Protein chains: 2
Amino acid sequence: MNTLIIISHPEMDESSSQQFLVQSLSDPSLENVTIHPLEKTYPDGIIDVKKEQQLLREHDRIIFQFPFYWYSSPPLLKKWQDEVLTEHFAFGYRGNKLKNKELGLVLSIGVAEKDYQAGGQEGFSISELTKPFQAMAKKTGMTYVKPLSIFQFPYKSERDKMTLLIAYQQYVTLSKPDALKSREEWLVNRLEDISYETLTGENAVFIIDQVVELIEDNRMELDELRMHINNFHD
Amino acid sequence: MNTLIIISHPEMDESSSQQFLVQSLSDPSLENVTIHPLEKTYPDGIIDVKKEQQLLREHDRIIFQFPFYWYSSPPLLKKWQDEVLTEHFAFGYRGNKLKNKELGLVLSIGVAEKDYQAGGQEGFSISELTKPFQAMAKKTGMTYVKPLSIFQFPYKSERDKMTLLIAYQQYVTLSKPDALKSREEWLVNRLEDISYETLTGENAVFIIDQVVELIEDNRMELDELRMHINNFHD
């Protein structure tokens, strides 16, 4: 699977979360991932529509990665949508070039997760506020992937940042990031890539923790299946 | 009531609906309405934040008027939101400058109204797709006014365009555009402004039609009230 990460941020170099995410993709094992920062590619805001459409053709998963200012994308990503997703390319007669590709969102959000609900400070959920992107996926025949929402990155502990790094790498590379089986395989592959000498210290402990957690998840799922089977026999 | 209409359209001069709407506001009786086309004011895209914040202070109703491309605003309006609606002005500590003002949307939409629902071609309602603006109103303490959605303007008949013109003029000038009483008063005022000599021909007939329609609405409302009162006596 080829992934295109379209990053839009008016001040990307000043964003600690964007820097963290981009650096986490420098891992050489993450091939087939194209990072495409819009503001750096088009500092004058003039978008090369043909080039963008070619990039879209070459990738299976398209990710919009941006700060969720005023509950939407930065201006340049909206300009990109308006200019690149043309009729006969993205929708309308013969406009099937995005069909069956995946659309994912990686949102960096300054307010706490609990505030995104009715009665919370923001009053609306992320699922409600991202309807325009869900509608875009529908119109273009894309499969909308559950977003990766990153709440209050600067306040995260080092451990939470490492967990985020794993979740992000999985989000951009796995075909079904949510499935237990996918995550399990991914982690096993990553473990196999590590040479034994490096398996000391904090990082090794962390990876082992992750494996343990996955095995526990696995156990719970198996237990649940067993319970269903038992109920059938009753 | 002072109304600020912030228009955003990447090609405003080519838009028949925007031209129609703006021309309909040239009526001298529509005082207290400020038309503010963003792309014409800032052709280089560099927004004068202080000036914009001053404009906001001077008006009670703020209207965002734009084509609903990809279920959201054009890029320059998003840039305006991101740069003008700053913390301590629009939200956060002492950020109460928009509090109790009204936020309205005038949306021009290329697809038919019936397609904006579950099962329709677009799959989502306008109420769902405009959640980001509802959330903005909530965050800034503004009152969100029911949008004026203009579907498929170029296909409208002359009569439908006249009806739209009335609805639009009421939307930008009336404090409660929906209330029967407001619309009644507005129309009576407009009728009083017309000199008798002009009361011939098609336009007069149209206005009289509108009056009749309002009176009929009024009658229905009164009938309903009467029914309620009768039920009480039974």
# chains A, B, ... in the order shown; residues from 1 in each chain; ligands from 1
call {"tool": "select_by_dssp", "arguments": {"residues": "range 107-210 of chain A", "states": "strand (DSSP E)", "output": "list of chain:residue names"}}
result
A:Leu107, A:Ser108, A:Ile109, A:Thr143, A:Tyr144, A:Leu148, A:Ser149, A:Ile150, A:Phe151
call {"tool": "write_last_selection", "arguments": {"atoms": "C-alpha atoms", "output": "PDB file, in the first residue's frame"}}
result
ATOM      1  CA  LEU A 107      -5.748  16.095  13.266  1.00  0.00           C
ATOM      2  CA  SER A 108      -3.730  18.036  15.812  1.00  0.00           C
ATOM      3  CA  ILE A 109      -6.094  19.633  18.277  1.00  0.00           C
ATOM      4  CA  THR A 143     -13.315   4.875   1.949  1.00  0.00           C
ATOM      5  CA  TYR A 144     -13.244   7.139   4.975  1.00  0.00           C
ATOM      6  CA  LEU A 148      -6.203   9.878  14.175  1.00  0.00           C
ATOM      7  CA  SER A 149      -6.921  12.812  16.502  1.00  0.00           C
ATOM      8  CA  ILE A 150      -3.974  14.111  18.525  1.00  0.00           C
ATOM      9  CA  PHE A 151      -5.215  16.164  21.451  1.00  0.00           C
TER      10      PHE A 151
END
call {"tool": "interface_residues", "arguments": {"of": "chain B", "to": "chain A", "cutoff": "7 Å", "atoms": "only C-alpha atoms", "output": "list in words"}}
result
Tyr69, Trp70, Tyr71, Ser72, Pro74, Pro75, Leu76, Lys78, Lys79, Asp82, Glu122, Gly123, Phe124, Glu128, Leu129, Lys131, Pro132, Ala135, Met136 and Lys139 of chain B
call {"tool": "residues_around", "arguments": {"residues": "range 50-64 of chain A", "least_positions_apart": "5", "cutoff": "9 Å", "atoms": "only C-alpha atoms", "output": "VMD selection string"}}
result
chain A and resid 1 to 8 32 to 34 73 77 80 84 to 85 89 97 to 98 100 to 107 172 to 173 175
call {"tool": "residues_around", "arguments": {"residues": "Gln169 in chain B", "least_positions_apart": "6", "cutoff": "9 Å", "atoms": "only C-alpha atoms", "output": "list in words"}}
result
Leu21, Ser24, Leu25 and Leu30 of chain B
call {"tool": "write_last_selection", "arguments": {"atoms": "N, CA and C atoms", "output": "mmCIF file, in the first residue's frame"}}
result
data_model
loop_
_atom_site.group_PDB
_atom_site.id
_atom_site.type_symbol
_atom_site.label_atom_id
_atom_site.label_comp_id
_atom_site.auth_asym_id
_atom_site.auth_seq_id
_atom_site.Cartn_x
_atom_site.Cartn_y
_atom_site.Cartn_z
ATOM 1 N N LEU B 21 -27.006 38.762 -5.806
ATOM 2 C CA LEU B 21 -27.196 39.093 -4.391
ATOM 3 C C LEU B 21 -26.658 40.491 -4.083
ATOM 4 N N SER B 24 -28.779 43.235 -5.436
ATOM 5 C CA SER B 24 -30.052 43.378 -4.737
ATOM 6 C C SER B 24 -29.903 44.233 -3.485
ATOM 7 N N LEU B 25 -28.652 44.470 -3.062
ATOM 8 C CA LEU B 25 -28.428 45.298 -1.874
ATOM 9 C C LEU B 25 -28.160 46.756 -2.227
ATOM 10 N N LEU B 30 -31.790 49.997 2.075
ATOM 11 C CA LEU B 30 -31.047 49.017 2.876
ATOM 12 C C LEU B 30 -29.804 49.658 3.489
#
call {"tool": "closest_residue", "arguments": {"among": "A:Gly95, A:Phe66, A:Ala137, A:Val49", "to": "Glu83 in chain A", "atoms": "only C-alpha atoms"}}
result
A:Val49
call {"tool": "atom_distance", "arguments": {"atom1": "CA of Tyr168 in chain A", "atom2": "CA of Gln19 in chain A"}}
result
13.0 Å
call {"tool": "closest_residue", "arguments": {"among": "A:Thr86, A:Glu31, A:Pro67, A:Met142", "to": "Val111 in chain A", "atoms": "only C-alpha atoms"}}
result
A:Pro67
call {"tool": "atom_distance", "arguments": {"atom1": "CA of Gly110 in chain A", "atom2": "CA of Val145 in chain A"}}
result
21.8 Å
call {"tool": "atom_distance", "arguments": {"atom1": "CA of Pro28 in chain A", "atom2": "CA of Ile215 in chain A"}}
result
26.6 Å
call {"tool": "closest_residue", "arguments": {"among": "A:Phe91, A:Phe20, A:Met12, A:Glu213", "to": "Leu164 in chain A", "atoms": "only C-alpha atoms"}}
result
A:Phe20
